[in-house]
file target_0.tsv (TSV, C-alpha atoms)
chain	number	residue	atom	x	y	z
A	1230	MET	CA	-48.73	-54.89	108.28
A	1231	PHE	CA	-45.07	-54.92	109.27
A	1232	PRO	CA	-43.61	-58.46	109.46
A	1233	LEU	CA	-40.53	-58.52	111.71
A	1234	GLY	CA	-38.07	-60.87	113.34
A	1235	THR	CA	-39.45	-59.86	116.73
A	1236	VAL	CA	-42.80	-60.08	118.51
A	1237	LEU	CA	-44.76	-57.08	119.78
A	1238	LEU	CA	-47.06	-57.57	122.76
A	1239	PRO	CA	-49.95	-55.36	123.89
A	1240	GLY	CA	-48.57	-52.59	126.09
A	1241	ALA	CA	-44.95	-53.17	125.06
A	1242	TYR	CA	-42.69	-50.55	123.45
A	1243	LEU	CA	-40.96	-51.31	120.15
A	1244	PRO	CA	-38.49	-48.90	118.47
A	1245	LEU	CA	-38.03	-49.35	114.72
A	1246	HIS	CA	-35.54	-48.10	112.13
A	1247	VAL	CA	-37.50	-47.95	108.88
A	1248	PHE	CA	-35.42	-47.85	105.71
A	1249	GLU	CA	-37.19	-49.94	103.04
A	1250	PRO	CA	-39.26	-47.76	100.67
A	1251	ARG	CA	-42.41	-49.85	101.19
A	1252	TYR	CA	-42.27	-49.38	104.96
A	1253	ARG	CA	-41.38	-45.69	104.66
A	1254	GLU	CA	-44.69	-45.38	102.81
A	1255	LEU	CA	-46.45	-47.35	105.55
A	1256	VAL	CA	-45.13	-44.95	108.20
A	1257	ARG	CA	-46.15	-41.93	106.13
A	1258	VAL	CA	-49.69	-43.24	105.69
A	1259	CYS	CA	-50.03	-44.06	109.38
A	1260	LEU	CA	-48.76	-40.65	110.49
A	1261	GLU	CA	-51.08	-38.82	108.10
A	1262	SER	CA	-54.17	-40.79	109.14
A	1263	GLU	CA	-53.33	-41.60	112.77
A	1264	ALA	CA	-53.76	-45.23	111.78
A	1265	GLU	CA	-52.15	-48.21	113.48
A	1266	PHE	CA	-50.26	-50.98	111.73
A	1267	GLY	CA	-49.96	-54.65	112.60
A	1268	VAL	CA	-46.74	-56.40	113.62
A	1269	THR	CA	-46.40	-60.11	112.92
A	1270	LEU	CA	-43.46	-62.44	113.41
A	1271	ILE	CA	-41.72	-63.78	110.32
A	1272	GLU	CA	-41.92	-67.58	110.37
A	1273	ARG	CA	-39.50	-68.07	107.46
A	1274	GLY	CA	-37.57	-65.56	105.39
A	1275	SER	CA	-36.02	-62.16	105.96
A	1276	GLU	CA	-37.23	-58.77	107.14
A	1277	VAL	CA	-35.79	-57.18	104.02
A	1278	GLY	CA	-36.94	-57.72	100.46
A	1279	GLY	CA	-40.30	-59.45	100.85
A	1280	GLY	CA	-41.37	-63.02	100.16
A	1281	GLU	CA	-41.34	-64.02	103.84
A	1282	VAL	CA	-43.79	-66.43	105.50
A	1283	ARG	CA	-45.61	-64.80	108.40
A	1284	PHE	CA	-47.42	-65.99	111.50
A	1285	ASP	CA	-51.10	-65.07	111.62
A	1286	ALA	CA	-51.23	-63.91	115.25
A	1287	GLY	CA	-49.93	-60.39	115.76
A	1288	CYS	CA	-50.34	-57.11	117.57
A	1289	MET	CA	-51.43	-53.68	116.42
A	1290	ALA	CA	-48.86	-50.91	116.93
A	1291	ARG	CA	-49.47	-47.22	117.47
A	1292	ILE	CA	-46.71	-44.77	116.53
A	1293	VAL	CA	-45.94	-42.60	119.57
A	1294	ALA	CA	-42.73	-40.93	118.30
A	1295	ALA	CA	-41.33	-40.38	114.82
A	1296	ALA	CA	-38.32	-38.64	113.30
A	1297	GLN	CA	-37.39	-38.65	109.63
A	1298	PHE	CA	-33.80	-38.50	108.39
A	1299	ASP	CA	-32.70	-36.42	105.42
A	1300	ASP	CA	-32.46	-39.53	103.23
A	1301	GLY	CA	-36.07	-40.54	103.96
A	1302	ARG	CA	-35.46	-43.17	106.62
A	1303	TRP	CA	-37.58	-43.09	109.77
A	1304	ALA	CA	-36.84	-43.72	113.42
A	1305	ILE	CA	-40.13	-44.48	115.13
A	1306	GLY	CA	-41.27	-45.57	118.56
A	1307	THR	CA	-44.38	-47.74	118.76
A	1308	VAL	CA	-46.55	-49.23	121.48
A	1309	GLY	CA	-48.56	-52.42	121.13
A	1310	THR	CA	-52.28	-51.75	121.53
A	1311	ARG	CA	-54.21	-55.00	121.00
A	1312	ARG	CA	-53.81	-58.57	119.83
A	1313	VAL	CA	-55.13	-59.49	116.39
A	1314	GLN	CA	-55.59	-62.58	114.24
A	1315	VAL	CA	-54.94	-62.35	110.50
A	1316	THR	CA	-57.91	-63.80	108.62
A	1317	ARG	CA	-56.52	-63.16	105.13
A	1318	TRP	CA	-53.28	-61.84	103.71
A	1319	LEU	CA	-53.79	-59.40	100.84
A	1320	PRO	CA	-51.37	-58.57	98.02
A	1321	ASP	CA	-48.49	-56.32	99.06
A	1322	ALA	CA	-49.39	-52.96	97.54
A	1323	PRO	CA	-46.87	-51.52	98.20
A	1324	TYR	CA	-46.45	-52.87	101.73
A	1325	PRO	CA	-47.87	-56.04	103.34
A	1326	ARG	CA	-51.59	-55.81	104.01
A	1327	ALA	CA	-54.08	-58.11	105.69
A	1328	GLU	CA	-57.60	-58.41	106.98
A	1329	VAL	CA	-57.52	-58.90	110.76
A	1330	ASP	CA	-59.92	-59.55	113.62
A	1331	ASP	CA	-59.32	-58.29	117.12
A	1332	TRP	CA	-58.38	-61.20	119.39
A	1333	GLU	CA	-59.45	-60.29	122.90
A	1334	ASP	CA	-58.38	-62.25	125.94
A	1335	PRO	CA	-61.17	-63.89	127.92
A	1336	PRO	CA	-61.46	-62.91	131.59
A	1337	ALA	CA	-58.81	-64.40	133.85
A	1338	GLY	CA	-59.72	-67.44	135.94
A	1339	PRO	CA	-59.97	-67.53	139.73
A	1340	GLU	CA	-56.36	-68.74	140.13
A	1341	ALA	CA	-54.85	-66.09	137.85
A	1342	GLY	CA	-54.02	-63.67	140.67
A	1343	ARG	CA	-52.00	-66.32	142.48
A	1344	ARG	CA	-50.28	-67.35	139.24
A	1345	ARG	CA	-49.47	-63.71	138.48
A	1346	ALA	CA	-47.78	-63.28	141.87
A	1347	GLY	CA	-45.75	-66.47	141.38
A	1348	VAL	CA	-44.56	-65.45	137.92
A	1349	VAL	CA	-43.56	-61.98	139.19
A	1350	THR	CA	-41.33	-63.67	141.79
A	1351	GLN	CA	-39.88	-66.06	139.20
A	1352	LEU	CA	-39.15	-63.31	136.71
A	1353	ARG	CA	-37.37	-61.16	139.29
A	1354	ARG	CA	-35.24	-64.17	140.29
A	1355	VAL	CA	-34.31	-64.86	136.67
A	1356	LEU	CA	-33.47	-61.23	135.96
A	1357	ALA	CA	-31.38	-61.05	139.14
A	1358	LEU	CA	-29.42	-64.15	138.06
A	1359	SER	CA	-28.95	-62.60	134.64
A	1360	ALA	CA	-27.61	-59.42	136.29
A	1361	GLU	CA	-25.17	-61.50	138.36
A	1362	LEU	CA	-23.79	-62.90	135.11
A	1363	GLY	CA	-23.20	-59.37	133.88
A	1364	GLU	CA	-25.82	-59.57	131.16
A	1365	ILE	CA	-28.09	-56.67	130.35
A	1366	SER	CA	-31.04	-56.93	132.68
A	1367	SER	CA	-33.98	-54.61	132.98
A	1368	GLY	CA	-37.30	-54.62	134.70
A	1369	VAL	CA	-36.19	-56.17	137.98
A	1370	THR	CA	-38.20	-53.58	139.91
A	1371	ALA	CA	-40.71	-52.62	137.22
A	1372	PRO	CA	-44.26	-52.33	138.60
A	1373	ILE	CA	-46.56	-55.08	137.34
A	1374	ASP	CA	-50.27	-54.43	136.94
A	1375	GLU	CA	-52.63	-56.23	139.30
A	1376	ASP	CA	-54.93	-57.22	136.41
A	1377	PRO	CA	-53.76	-60.72	135.38
A	1378	VAL	CA	-54.55	-60.08	131.71
A	1379	VAL	CA	-52.40	-56.93	131.55
A	1380	ALA	CA	-49.77	-58.50	133.82
A	1381	SER	CA	-49.47	-61.58	131.61
A	1382	TYR	CA	-48.32	-59.37	128.72
A	1383	GLN	CA	-46.09	-57.17	130.89
A	1384	LEU	CA	-44.32	-60.20	132.35
A	1385	ALA	CA	-43.95	-61.83	128.93
A	1386	ALA	CA	-42.43	-58.63	127.51
A	1387	LEU	CA	-39.82	-58.57	130.31
A	1388	ALA	CA	-38.99	-62.28	130.11
A	1389	PRO	CA	-35.65	-63.27	128.51
A	1390	VAL	CA	-37.14	-65.60	125.88
A	1391	GLY	CA	-36.65	-65.89	122.14
A	1392	PRO	CA	-39.08	-64.76	119.44
A	1393	LEU	CA	-40.68	-68.18	118.90
A	1394	ASP	CA	-41.42	-68.56	122.61
A	1395	MET	CA	-42.71	-64.98	122.62
A	1396	GLN	CA	-45.00	-65.85	119.70
A	1397	VAL	CA	-46.40	-68.78	121.68
A	1398	LEU	CA	-47.01	-66.46	124.64
A	1399	LEU	CA	-48.79	-63.95	122.40
A	1400	SER	CA	-50.93	-66.75	120.96
A	1401	ALA	CA	-51.93	-68.29	124.30
A	1402	PRO	CA	-55.74	-68.59	124.28
A	1403	THR	CA	-56.20	-67.28	127.82
A	1404	PRO	CA	-54.22	-65.18	130.32
A	1405	ASP	CA	-54.12	-68.19	132.65
A	1406	GLU	CA	-52.46	-70.32	129.96
A	1407	ARG	CA	-50.05	-67.48	129.16
A	1408	LEU	CA	-49.00	-67.26	132.82
A	1409	GLU	CA	-48.62	-71.05	133.09
A	1410	LEU	CA	-46.48	-71.19	129.96
A	1411	LEU	CA	-44.38	-68.26	131.14
A	1412	ALA	CA	-43.82	-70.00	134.49
A	1413	ARG	CA	-42.46	-73.09	132.68
A	1414	LEU	CA	-40.20	-71.01	130.45
A	1415	LEU	CA	-38.84	-69.09	133.45
A	1416	ASP	CA	-38.23	-72.36	135.34
A	1417	GLU	CA	-36.10	-73.56	132.43
A	1418	GLU	CA	-34.23	-70.27	132.16
A	1419	GLU	CA	-33.55	-70.20	135.91
A	1420	VAL	CA	-31.96	-73.67	135.76
A	1421	VAL	CA	-29.72	-72.63	132.86
A	1422	LEU	CA	-28.63	-69.39	134.55
A	1423	ALA	CA	-27.95	-71.11	137.88
A	1424	ARG	CA	-25.73	-73.69	136.18
A	1425	ARG	CA	-23.83	-70.96	134.40
A	1426	LEU	CA	-23.25	-69.17	137.69
A	1427	GLU	CA	-21.92	-72.41	139.17
A	1428	GLY	CA	-19.56	-72.72	136.22
A	1429	GLY	CA	-21.39	-75.70	134.77
call {"tool": "encode", "arguments": {"input": "target_0.tsv", "output": "C-alpha cells"}}
result
Amino acid sequence: MFPLGTVLLPGAYLPLHVFEPRYRELVRVCLESEAEFGVTLIERGSEVGGGEVRFDAGCMARIVAAAQFDDGRWAIGTVGTRRVQVTRWLPDAPYPRAEVDDWEDPPAGPEAGRRRAGVVTQLRRVLALSAELGEISSGVTAPIDEDPVVASYQLAALAPVGPLDMQVLLSAPTPDERLELLARLLDEEEVVLARRLEGG
C-alpha cells in the first residue's frame, strides 16, 4: 500500500517520485512480480516517515512506466485499475500493507445517462471559466466514456476539487450518487469562479 496526500481513481493516471527506502522496495517488488499496489489517502499525518492515519477506501495502481535514478530513487507512472476497501491494516514490513477487498460499483440506474451528460456540460463550463482566469485547465475537450460508471470516474478525475472531496467521490456507493455529488461540487465551483471573474 502507498498512502499519499492525493486520491487515485480507477482509470486515472498518477505519476510518482519515489524516494523513501520503504517505497523504493515496494516499487522493486511490484516490478519484479508485475503486482499492483494500493493507493489510499492520508487522513492525518505526512507522506514521509510513517505513522500516518489512512482512509480505508482506495484504488489499486498498476505501474505502466518506471525509471530509476543513480541514487536509487524511482520515477514511475501508474494507472488506477479498480476500487478497493481495506479490511485490515497489517504491520508495515517494510512498507504499508493491508488486506483488501475489491469494491465494485453496482450497475448504473436508469437516470445515470442523463446525469452523465449534465455533468459533462457542467465540467466543461467550470474548466472554461478556470481557463478564463488563466489557471491551468485541462480536459475541456477530453472524450468521456458513454458508460456512466466509467464516466463517473473520468469526470471526477478531471474535476477541480480537493483531495477530501475526491475521497468522497471515490467512496460513493453507486455511480449515480457519484455523479450527483460531482454535480453539486461543480455547481459550487462554478459560482466561485464566476464571482472571481466578476471581480467579487
call {"tool": "closest_residue", "arguments": {"input": "target_0.tsv", "among": "A:Cys1288, A:Leu1415, A:Ala1322, A:Ala1295", "to": "Val1348 of chain A", "atoms": "all atoms listed in the file"}}
result
A:Leu1415
call {"tool": "residues_around", "arguments": {"input": "target_0.tsv", "residues": "segment 1237-1241 of chain A", "least_positions_apart": "4", "cutoff": "8 Å", "atoms": "all atoms listed in the file", "output": "PyMOL selection string"}}
result
chain A and resi 1268-1269+1287-1290+1308-1312+1379+1382-1383+1386+1399
call {"tool": "atom_distance", "arguments": {"input": "target_0.tsv", "atom1": "atom CA of Met1395 of chain A", "atom2": "atom CA of Thr1235 of chain A"}}
result
8.5 Å
call {"tool": "atom_distance", "arguments": {"input": "target_0.tsv", "atom1": "atom CA of Asp1374 of chain A", "atom2": "atom CA of Leu1270 of chain A"}}
result
25.8 Å
call {"tool": "closest_residue", "arguments": {"input": "target_0.tsv", "among": "A:Asp1394, A:Glu1272, A:Glu1418, A:Glu1263", "to": "Ala1357 of chain A", "atoms": "all atoms listed in the file"}}
result
A:Glu1418
call {"tool": "residues_around", "arguments": {"input": "target_0.tsv", "residues": "Gly1301 of chain A", "least_positions_apart": "6", "cutoff": "10 Å", "atoms": "only C-alpha atoms", "output": "PyMOL selection string"}}
result
chain A and resi 1247-1250+1253-1254
call {"tool": "atom_distance", "arguments": {"input": "target_0.tsv", "atom1": "atom CA of Val1329 of chain A", "atom2": "atom CA of Asp1285 of chain A"}}
result
8.9 Å
call {"tool": "closest_residue", "arguments": {"input": "target_0.tsv", "among": "A:Ala1371, A:Tyr1324, A:Leu1414, A:Pro1402", "to": "Val1390 of chain A", "atoms": "all atoms listed in the file"}}
result
A:Leu1414
call {"tool": "closest_residue", "arguments": {"input": "target_0.tsv", "among": "A:Tyr1242, A:Tyr1252, A:Trp1303, A:Trp1318", "to": "Arg1291 of chain A", "atoms": "all atoms listed in the file"}}
result
A:Tyr1242
call {"tool": "closest_residue", "arguments": {"input": "target_0.tsv", "among": "A:Val1258, A:Leu1233, A:Leu1422, A:Ala1412", "to": "Leu1356 of chain A", "atoms": "only C-alpha atoms"}}
result
A:Leu1422
call {"tool": "residues_around", "arguments": {"input": "target_0.tsv", "residues": "Ala1327 of chain A", "least_positions_apart": "4", "cutoff": "8 Å", "atoms": "only C-alpha atoms", "output": "VMD selection string"}}
result
chain A and resid 1230 1315 to 1319
call {"tool": "residues_around", "arguments": {"input": "target_0.tsv", "residues": "His1246 of chain A", "least_positions_apart": "3", "cutoff": "9 Å", "atoms": "only C-alpha atoms", "output": "PyMOL selection string"}}
result
chain A and resi 1302-1306
call {"tool": "residues_around", "arguments": {"input": "target_0.tsv", "residues": "Leu1384 of chain A", "least_positions_apart": "4", "cutoff": "10 Å", "atoms": "all atoms listed in the file", "output": "list of chain:residue names"}}
result
A:Arg1345, A:Val1348, A:Val1349, A:Leu1352, A:Arg1353, A:Gly1368, A:Ala1371, A:Ile1373, A:Asp1374, A:Pro1377, A:Val1379, A:Ala1380, A:Ala1388, A:Pro1389, A:Arg1407, A:Leu1408, A:Leu1411
call {"tool": "closest_residue", "arguments": {"input": "target_0.tsv", "among": "A:Ile1271, A:Val1236, A:Leu1398, A:Ala1264", "to": "Arg1283 of chain A", "atoms": "all atoms listed in the file"}}
result
A:Ile1271
call {"tool": "build_atoms", "arguments": {"input": "target_0.tsv", "residues": "segment 1365-1396 of chain A", "atoms": "N, CA and C atoms", "output": "PDB file, in the coordinates of the input"}}
result
ATOM      1  N   ILE A1365     -27.165 -57.809 130.266  1.00  0.00           N
ATOM      2  CA  ILE A1365     -28.090 -56.670 130.350  1.00  0.00           C
ATOM      3  C   ILE A1365     -29.386 -57.172 130.950  1.00  0.00           C
ATOM      4  N   SER A1366     -29.823 -56.515 131.989  1.00  0.00           N
ATOM      5  CA  SER A1366     -31.040 -56.930 132.680  1.00  0.00           C
ATOM      6  C   SER A1366     -31.839 -55.709 133.042  1.00  0.00           C
ATOM      7  N   SER A1367     -33.110 -55.724 132.646  1.00  0.00           N
ATOM      8  CA  SER A1367     -33.980 -54.610 132.980  1.00  0.00           C
ATOM      9  C   SER A1367     -35.273 -55.137 133.559  1.00  0.00           C
ATOM     10  N   GLY A1368     -35.984 -54.265 134.223  1.00  0.00           N
ATOM     11  CA  GLY A1368     -37.300 -54.620 134.700  1.00  0.00           C
ATOM     12  C   GLY A1368     -37.340 -55.345 136.019  1.00  0.00           C
ATOM     13  N   VAL A1369     -36.207 -55.441 136.712  1.00  0.00           N
ATOM     14  CA  VAL A1369     -36.190 -56.170 137.980  1.00  0.00           C
ATOM     15  C   VAL A1369     -37.171 -55.554 138.971  1.00  0.00           C
ATOM     16  N   THR A1370     -37.300 -54.247 138.958  1.00  0.00           N
ATOM     17  CA  THR A1370     -38.200 -53.580 139.910  1.00  0.00           C
ATOM     18  C   THR A1370     -39.371 -52.903 139.208  1.00  0.00           C
ATOM     19  N   ALA A1371     -39.606 -53.248 137.948  1.00  0.00           N
ATOM     20  CA  ALA A1371     -40.710 -52.620 137.220  1.00  0.00           C
ATOM     21  C   ALA A1371     -42.042 -52.985 137.869  1.00  0.00           C
ATOM     22  N   PRO A1372     -42.954 -52.014 138.032  1.00  0.00           N
ATOM     23  CA  PRO A1372     -44.260 -52.330 138.600  1.00  0.00           C
ATOM     24  C   PRO A1372     -45.072 -53.187 137.626  1.00  0.00           C
ATOM     25  N   ILE A1373     -45.744 -54.191 138.152  1.00  0.00           N
ATOM     26  CA  ILE A1373     -46.560 -55.080 137.340  1.00  0.00           C
ATOM     27  C   ILE A1373     -48.019 -54.871 137.714  1.00  0.00           C
ATOM     28  N   ASP A1374     -48.851 -54.690 136.719  1.00  0.00           N
ATOM     29  CA  ASP A1374     -50.270 -54.430 136.940  1.00  0.00           C
ATOM     30  C   ASP A1374     -50.925 -55.565 137.723  1.00  0.00           C
ATOM     31  N   GLU A1375     -51.914 -55.222 138.529  1.00  0.00           N
ATOM     32  CA  GLU A1375     -52.630 -56.230 139.300  1.00  0.00           C
ATOM     33  C   GLU A1375     -53.571 -57.059 138.429  1.00  0.00           C
ATOM     34  N   ASP A1376     -54.044 -56.489 137.325  1.00  0.00           N
ATOM     35  CA  ASP A1376     -54.930 -57.220 136.410  1.00  0.00           C
ATOM     36  C   ASP A1376     -54.138 -58.342 135.751  1.00  0.00           C
ATOM     37  N   PRO A1377     -54.535 -59.608 135.938  1.00  0.00           N
ATOM     38  CA  PRO A1377     -53.760 -60.720 135.380  1.00  0.00           C
ATOM     39  C   PRO A1377     -53.632 -60.688 133.862  1.00  0.00           C
ATOM     40  N   VAL A1378     -54.636 -60.148 133.167  1.00  0.00           N
ATOM     41  CA  VAL A1378     -54.550 -60.080 131.710  1.00  0.00           C
ATOM     42  C   VAL A1378     -53.426 -59.125 131.300  1.00  0.00           C
ATOM     43  N   VAL A1379     -53.447 -57.915 131.847  1.00  0.00           N
ATOM     44  CA  VAL A1379     -52.400 -56.930 131.550  1.00  0.00           C
ATOM     45  C   VAL A1379     -51.045 -57.445 132.028  1.00  0.00           C
ATOM     46  N   ALA A1380     -51.026 -58.002 133.242  1.00  0.00           N
ATOM     47  CA  ALA A1380     -49.770 -58.500 133.820  1.00  0.00           C
ATOM     48  C   ALA A1380     -49.168 -59.610 132.984  1.00  0.00           C
ATOM     49  N   SER A1381     -50.008 -60.461 132.394  1.00  0.00           N
ATOM     50  CA  SER A1381     -49.470 -61.580 131.610  1.00  0.00           C
ATOM     51  C   SER A1381     -48.651 -61.072 130.422  1.00  0.00           C
ATOM     52  N   TYR A1382     -49.089 -59.961 129.822  1.00  0.00           N
ATOM     53  CA  TYR A1382     -48.320 -59.370 128.720  1.00  0.00           C
ATOM     54  C   TYR A1382     -47.098 -58.617 129.226  1.00  0.00           C
ATOM     55  N   GLN A1383     -47.236 -57.889 130.334  1.00  0.00           N
ATOM     56  CA  GLN A1383     -46.090 -57.170 130.890  1.00  0.00           C
ATOM     57  C   GLN A1383     -44.964 -58.146 131.250  1.00  0.00           C
ATOM     58  N   LEU A1384     -45.323 -59.212 131.915  1.00  0.00           N
ATOM     59  CA  LEU A1384     -44.320 -60.200 132.350  1.00  0.00           C
ATOM     60  C   LEU A1384     -43.682 -60.883 131.140  1.00  0.00           C
ATOM     61  N   ALA A1385     -44.495 -61.207 130.140  1.00  0.00           N
ATOM     62  CA  ALA A1385     -43.950 -61.830 128.930  1.00  0.00           C
ATOM     63  C   ALA A1385     -42.963 -60.900 128.237  1.00  0.00           C
ATOM     64  N   ALA A1386     -43.300 -59.602 128.177  1.00  0.00           N
ATOM     65  CA  ALA A1386     -42.430 -58.630 127.510  1.00  0.00           C
ATOM     66  C   ALA A1386     -41.078 -58.507 128.215  1.00  0.00           C
ATOM     67  N   LEU A1387     -41.060 -58.690 129.538  1.00  0.00           N
ATOM     68  CA  LEU A1387     -39.820 -58.570 130.310  1.00  0.00           C
ATOM     69  C   LEU A1387     -39.011 -59.873 130.341  1.00  0.00           C
ATOM     70  N   ALA A1388     -39.647 -60.977 129.984  1.00  0.00           N
ATOM     71  CA  ALA A1388     -38.990 -62.280 130.110  1.00  0.00           C
ATOM     72  C   ALA A1388     -37.884 -62.451 129.060  1.00  0.00           C
ATOM     73  N   PRO A1389     -36.753 -63.044 129.453  1.00  0.00           N
ATOM     74  CA  PRO A1389     -35.650 -63.270 128.510  1.00  0.00           C
ATOM     75  C   PRO A1389     -35.886 -64.538 127.688  1.00  0.00           C
ATOM     76  N   VAL A1390     -36.826 -64.454 126.743  1.00  0.00           N
ATOM     77  CA  VAL A1390     -37.140 -65.600 125.880  1.00  0.00           C
ATOM     78  C   VAL A1390     -36.997 -65.178 124.422  1.00  0.00           C
ATOM     79  N   GLY A1391     -36.827 -66.156 123.562  1.00  0.00           N
ATOM     80  CA  GLY A1391     -36.650 -65.890 122.140  1.00  0.00           C
ATOM     81  C   GLY A1391     -37.960 -65.584 121.437  1.00  0.00           C
ATOM     82  N   PRO A1392     -37.879 -65.175 120.164  1.00  0.00           N
ATOM     83  CA  PRO A1392     -39.080 -64.760 119.440  1.00  0.00           C
ATOM     84  C   PRO A1392     -40.119 -65.869 119.270  1.00  0.00           C
ATOM     85  N   LEU A1393     -39.690 -67.110 119.079  1.00  0.00           N
ATOM     86  CA  LEU A1393     -40.680 -68.180 118.900  1.00  0.00           C
ATOM     87  C   LEU A1393     -41.436 -68.439 120.189  1.00  0.00           C
ATOM     88  N   ASP A1394     -40.735 -68.431 121.323  1.00  0.00           N
ATOM     89  CA  ASP A1394     -41.420 -68.560 122.610  1.00  0.00           C
ATOM     90  C   ASP A1394     -42.333 -67.360 122.846  1.00  0.00           C
ATOM     91  N   MET A1395     -41.884 -66.174 122.462  1.00  0.00           N
ATOM     92  CA  MET A1395     -42.710 -64.980 122.620  1.00  0.00           C
ATOM     93  C   MET A1395     -43.966 -65.076 121.759  1.00  0.00           C
ATOM     94  N   GLN A1396     -43.837 -65.665 120.576  1.00  0.00           N
ATOM     95  CA  GLN A1396     -45.000 -65.850 119.700  1.00  0.00           C
ATOM     96  C   GLN A1396     -46.005 -66.798 120.348  1.00  0.00           C
TER      97      GLN A1396
END
